[in-house]
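Asks: What follows is model38.csv; its format and atoms are CSV, C-alpha atoms.
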```csv
chain,number,residue,atom,x,y,z
A,1,ASP,CA,0.0,0.0,0.0
A,2,GLN,CA,1.0,3.5,-0.7
A,3,ALA,CA,1.0,6.5,1.7
A,4,PHE,CA,-1.7,9.1,1.5
A,5,ALA,CA,-0.8,12.0,-0.8
A,6,ASN,CA,-3.2,14.6,0.5
A,7,LEU,CA,-6.3,12.9,1.9
A,8,ASP,CA,-8.6,14.3,-0.8
A,9,PRO,CA,-10.5,11.4,-2.4
A,10,ALA,CA,-10.9,13.4,-5.6
A,11,SER,CA,-7.1,13.5,-6.2
A,12,ASP,CA,-5.6,10.9,-3.8
A,13,PRO,CA,-6.2,7.2,-4.8
A,14,GLN,CA,-5.5,6.0,-1.3
A,15,ALA,CA,-7.9,8.4,0.2
A,16,GLU,CA,-10.5,7.4,-2.4
A,17,LYS,CA,-10.0,3.8,-1.5
A,18,LEU,CA,-10.4,4.6,2.2
A,19,LEU,CA,-13.6,6.5,1.6
A,20,ASP,CA,-15.0,3.7,-0.6
A,21,ASP,CA,-14.2,1.2,2.2
A,22,MET,CA,-15.9,3.4,4.8
A,23,ILE,CA,-19.0,3.8,2.7
A,24,SER,CA,-19.1,0.1,2.0
A,25,PHE,CA,-18.8,-0.6,5.8
A,26,LEU,CA,-21.9,1.7,6.4
A,27,GLU,CA,-23.8,-0.1,3.7
A,28,LYS,CA,-23.0,-3.5,5.3
A,29,THR,CA,-23.7,-2.5,8.9
A,30,GLN,CA,-27.1,-0.7,8.7
A,31,ARG,CA,-29.6,-2.7,10.6
A,32,GLU,CA,-32.9,-3.8,9.2
A,33,ASP,CA,-34.6,-1.2,11.5
A,34,GLY,CA,-32.7,1.6,9.7
A,35,SER,CA,-30.3,2.4,12.5
A,36,TRP,CA,-26.6,1.7,13.1
A,37,SER,CA,-26.2,-0.1,16.4
A,38,GLY,CA,-29.6,1.1,17.6
A,39,ASP,CA,-27.8,4.3,18.6
A,40,ILE,CA,-28.9,7.8,17.5
A,41,ILE,CA,-25.3,9.2,17.5
A,42,ARG,CA,-23.9,6.4,15.3
A,43,THR,CA,-27.0,6.5,13.1
A,44,THR,CA,-26.7,10.3,12.6
A,45,PHE,CA,-23.1,10.2,11.6
A,46,SER,CA,-23.7,7.2,9.3
A,47,ALA,CA,-26.7,8.6,7.6
A,48,LEU,CA,-25.0,12.0,7.1
A,49,ALA,CA,-22.0,10.3,5.6
A,50,LEU,CA,-24.2,8.4,3.1
A,51,MET,CA,-26.2,11.5,2.3
A,52,ALA,CA,-23.0,13.3,1.4
A,53,THR,CA,-22.4,10.8,-1.4
A,54,GLU,CA,-25.5,12.2,-3.1
A,55,LYS,CA,-26.3,8.6,-4.4
A,56,PRO,CA,-30.0,7.8,-4.6
A,57,ALA,CA,-29.5,4.4,-3.0
A,58,HIS,CA,-27.8,6.1,0.0
A,59,LEU,CA,-30.6,8.6,0.2
A,60,LYS,CA,-33.0,5.6,0.7
A,61,ARG,CA,-30.8,4.3,3.5
A,62,ALA,CA,-30.8,7.7,5.1
A,63,ARG,CA,-34.6,7.7,4.9
A,64,ARG,CA,-34.7,4.4,6.7
A,65,ALA,CA,-32.5,6.0,9.4
A,66,ILE,CA,-35.0,9.0,9.7
A,67,ASP,CA,-37.9,6.6,9.9
A,68,TRP,CA,-36.2,4.6,12.7
A,69,SER,CA,-35.4,7.8,14.6
A,70,LEU,CA,-38.9,9.2,14.3
A,71,ALA,CA,-40.4,5.9,15.5
A,72,LYS,CA,-37.8,5.4,18.4
A,73,TYR,CA,-38.0,9.0,19.6
A,74,PRO,CA,-41.6,10.1,19.1
A,75,LYS,CA,-41.1,12.8,21.8
A,76,PRO,CA,-37.8,14.3,23.0
A,77,GLU,CA,-38.4,12.8,26.5
A,78,ALA,CA,-37.6,9.4,24.9
A,79,TYR,CA,-33.9,10.4,24.6
A,80,GLY,CA,-33.7,10.1,28.4
A,81,ASN,CA,-31.8,12.1,31.0
A,82,LEU,CA,-28.7,12.2,28.8
A,83,GLY,CA,-30.9,13.4,26.0
A,84,PHE,CA,-29.5,16.7,25.2
A,85,TRP,CA,-26.6,15.0,23.6
A,86,SER,CA,-28.8,12.6,21.6
A,87,GLY,CA,-31.3,15.3,20.8
A,88,GLY,CA,-28.6,17.5,19.4
A,89,TYR,CA,-27.4,14.8,17.0
A,90,ALA,CA,-31.0,13.9,16.0
A,91,GLY,CA,-31.8,17.5,15.4
A,92,THR,CA,-28.8,17.8,13.1
A,93,LEU,CA,-29.8,14.7,11.2
A,94,TYR,CA,-33.4,16.0,10.9
A,95,ALA,CA,-32.4,19.4,9.6
A,96,GLU,CA,-29.9,18.1,7.1
A,97,TRP,CA,-32.6,15.6,5.9
A,98,PHE,CA,-35.1,18.4,5.5
A,99,LEU,CA,-32.7,20.6,3.7
A,100,ARG,CA,-31.9,17.8,1.3
A,101,THR,CA,-35.4,16.4,0.8
A,102,GLY,CA,-38.0,18.9,2.0
A,103,ASP,CA,-39.5,16.1,4.2
A,104,LYS,CA,-41.8,18.0,6.6
A,105,ARG,CA,-42.1,15.1,9.0
A,106,VAL,CA,-39.0,16.3,10.8
A,107,ILE,CA,-40.1,19.9,11.4
A,108,ALA,CA,-42.3,19.1,14.4
A,109,PRO,CA,-39.7,16.9,16.1
A,110,MET,CA,-37.1,19.8,15.7
A,111,GLU,CA,-39.6,22.2,17.3
A,112,GLN,CA,-40.4,19.8,20.1
A,113,LEU,CA,-36.6,19.2,20.7
A,114,ARG,CA,-36.1,23.0,21.0
A,115,ASP,CA,-39.0,23.4,23.4
A,116,TRP,CA,-37.9,20.4,25.5
A,117,ALA,CA,-34.3,21.8,25.8
A,118,ILE,CA,-35.6,25.2,26.8
A,119,ALA,CA,-37.9,23.6,29.4
A,120,GLY,CA,-34.9,21.7,30.7
A,121,GLN,CA,-32.9,24.7,31.7
A,122,HIS,CA,-31.5,25.3,35.2
A,123,ASN,CA,-29.6,28.2,36.6
A,124,SER,CA,-26.0,27.4,36.9
A,125,LYS,CA,-23.6,28.1,39.7
A,126,TRP,CA,-23.0,31.4,38.0
A,127,ASP,CA,-26.7,32.2,38.1
A,128,VAL,CA,-27.3,32.1,34.3
A,129,PRO,CA,-29.6,29.7,32.5
A,130,ALA,CA,-27.7,26.6,31.4
A,131,LEU,CA,-28.2,23.0,30.3
A,132,GLY,CA,-26.7,19.8,31.6
A,133,HIS,CA,-26.9,16.3,30.0
A,134,GLY,CA,-30.7,16.4,30.1
A,135,PRO,CA,-33.6,18.1,31.9
A,136,ASP,CA,-33.0,16.5,35.3
A,137,GLY,CA,-30.5,19.0,36.4
A,138,LEU,CA,-26.9,20.3,36.2
A,139,PRO,CA,-24.0,18.0,37.1
A,140,TYR,CA,-20.8,18.7,38.8
A,141,ASP,CA,-22.0,21.1,41.6
A,142,GLN,CA,-24.5,23.0,39.4
A,143,LYS,CA,-22.0,23.7,36.6
A,144,ALA,CA,-23.3,23.7,33.0
A,145,LEU,CA,-22.1,21.6,30.2
A,146,ILE,CA,-21.0,23.2,26.9
A,147,ALA,CA,-20.7,20.0,24.8
A,148,PRO,CA,-24.4,18.9,24.8
A,149,ALA,CA,-25.4,22.6,24.5
A,150,ALA,CA,-23.1,23.0,21.5
A,151,HIS,CA,-24.7,20.1,19.7
A,152,LEU,CA,-28.1,21.6,20.4
A,153,ILE,CA,-26.9,25.0,19.1
A,154,VAL,CA,-25.6,23.4,15.9
A,155,ALA,CA,-28.9,21.5,15.4
A,156,GLU,CA,-30.8,24.7,16.0
A,157,ALA,CA,-28.7,26.7,13.5
A,158,LEU,CA,-29.5,24.2,10.9
A,159,ALA,CA,-33.2,24.0,12.0
A,160,LYS,CA,-33.4,27.8,11.5
A,161,ARG,CA,-32.5,27.2,7.8
A,162,CYS,CA,-35.6,24.9,7.7
A,163,GLY,CA,-37.8,27.7,9.1
A,164,VAL,CA,-37.8,26.5,12.7
A,165,LYS,CA,-37.8,29.4,15.2
A,166,SER,CA,-34.7,29.7,17.4
A,167,GLY,CA,-34.8,29.5,21.2
A,168,ILE,CA,-31.8,27.5,22.5
A,169,TRP,CA,-29.3,30.1,21.3
A,170,GLU,CA,-31.2,32.9,23.1
A,171,LEU,CA,-31.4,30.8,26.2
A,172,LEU,CA,-27.7,30.1,26.3
A,173,THR,CA,-26.2,33.4,25.0
A,174,SER,CA,-25.5,34.8,28.5
A,175,TYR,CA,-23.8,31.5,29.6
A,176,ILE,CA,-21.7,31.3,26.4
A,177,VAL,CA,-20.6,34.9,26.6
A,178,MET,CA,-19.8,34.6,30.3
A,179,THR,CA,-17.7,31.5,29.8
A,180,TRP,CA,-15.9,32.9,26.7
```
Could you render the structure from this file as structure tokens?
Replies:
Amino acid sequence: DQAFANLDPASDPQAEKLLDDMISFLEKTQREDGSWSGDIIRTTFSALALMATEKPAHLKRARRAIDWSLAKYPKPEAYGNLGFWSGGYAGTLYAEWFLRTGDKRVIAPMEQLRDWAIAGQHNSKWDVPALGHGPDGLPYDQKALIAPAAHLIVAEALAKRCGVKSGIWELLTSYIVMTW
């Protein structure tokens, strides 16, 4: 085997082979139910990777992933107490799916996710609204978590492109500015 030249599949044969191998792996490992490993995070990354190929067969696989997610998580509460992580990933998948296909089935779940996250706020140790892993409270002595919040903000930024009203960003602005 040769070394990578530049990691660009369009001009590097080794990178092209690696990408083809990764896509082939995703094709082989999607479950019958439409998920990868029954996990929303793996399913999100896998479906997004296949959507990026722009191949119709891969779009059908992504639709199966969307169908699985919508059935498994009919309400955001189904994500559980660590749900802000999972909800952020699902929201990203839903928004990218809508932007690609116009499938309106994902709009209401994006709105519900926004509302659920906003309702799950708690005042942090610094007395600003913040989010933890999920709605049950803030971990680590009432300190907020930026990682799940960041995933939700990315999902919301994409959801805004779908016509979904923002709310998470407005909730977290003072926390983000303060921690910056």
Asks: I'd like to know which of A:Ala159, A:Val128, A:Ala3, A:Leu171 is closest to Lys104 in chain A, using all atoms listed in the file.
Replies: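 Among the listed residues, A:Ala159 lies closest to Lys104 in chain A.
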Asks: Expressed in Å to a single decimal, how great is the separation between CA of Gly132 in chain A and CA of Ala150 in chain A?
Replies: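 Interatomic distance here is 11.2 Å.
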Asks: Please determine, counting only C-alpha atoms, which residue among A:Gln142, A:Thr53, A:Ser69, A:Asn123 has the shortest atom-to-atom distance to Tyr175 in chain A.
Replies: A:Asn123
Asks: So which one's closest to Ala149 in chain A, A:Trp68, A:Ala47, A:Asp127, A:Gln121? Using all atoms listed in the file, please.
Replies: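 Closest residue, counting all atoms listed in the file: A:Gln121.
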Asks: Taking all atoms listed in the file into account, name the residue in A:Asn81, A:Ser24, A:Ser37, A:Thr179 that is nearest to Gly137 in chain A.
Replies: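 Looking at the shortest contact to Gly137 in chain A, the residue is A:Asn81.
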Asks: If you count only C-alpha atoms, which residues fall within 7 Å of range 71-78 of chain A, apart from same-chain ones fewer than 5 positions away, as a list in words?
Replies: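 Listed by chain and then number, they are Gly87, Gln112, Leu113 and Trp116 of chain A.
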Asks: Measuring between only C-alpha atoms, which one of A:Ser11, A:Gln2, A:Ser86, A:Ser46 shows the shortest distance to Glu27 in chain A?
Replies: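 Counting only C-alpha atoms, the residue closest to Glu27 in chain A is A:Ser46.
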Asks: Counting all atoms listed in the file, give me one row per residue of range 44-85 of chain A with an atom at most 10 Å from an atom of range 97-103 of chain A, showing the shortest contact pair and its distance in Å to one decimal, sorted by chain then residue number, as CSV.
Replies:
```
residue,atom,partner,partner_atom,distance
A:Ala47,CA,A:Trp97,CA,9.3
A:Leu48,CA,A:Trp97,CA,8.5
A:Met51,CA,A:Trp97,CA,8.4
A:Ala52,CA,A:Arg100,CA,10.0
A:Glu54,CA,A:Arg100,CA,9.6
A:Leu59,CA,A:Thr101,CA,9.2
A:Ala62,CA,A:Trp97,CA,8.1
A:Arg63,CA,A:Trp97,CA,8.2
A:Ile66,CA,A:Trp97,CA,8.0
```
Asks: Do you have the CA of Asp136 in chain A-CA of Arg42 in chain A distance handy?
Replies: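 It comes out at 24.2 Å.
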Asks: Choose the residue, out of A:Leu7, A:Ile176, A:Leu26, A:Ile168, that has the smallest atom-to-atom separation from Arg114 in chain A; count all atoms listed in the file.
Replies: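 Looking at the shortest contact to Arg114 in chain A, the residue is A:Ile168.
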Asks: Give me, please, the distance in Å between CA of Gly80 in chain A and CA of Gly163 in chain A, quoted to one decimal.
Replies: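 Going from CA of Gly80 in chain A over to CA of Gly163 in chain A covers 26.4 Å.
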Asks: Please list as a list of chain:residue names every residue within 12 Å of Leu50 in chain A, counting all atoms listed in the file and excluding residues in the same chain fewer than 5 positions away.
Replies: A:Leu19, A:Asp20, A:Met22, A:Ile23, A:Ser24, A:Phe25, A:Leu26, A:Glu27, A:Gln30, A:Thr43, A:Thr44, A:Phe45, A:Lys55, A:Pro56, A:Ala57, A:His58, A:Leu59, A:Lys60, A:Arg61, A:Ala62, A:Arg63, A:Arg64, A:Ala65, A:Leu93, A:Glu96, A:Trp97
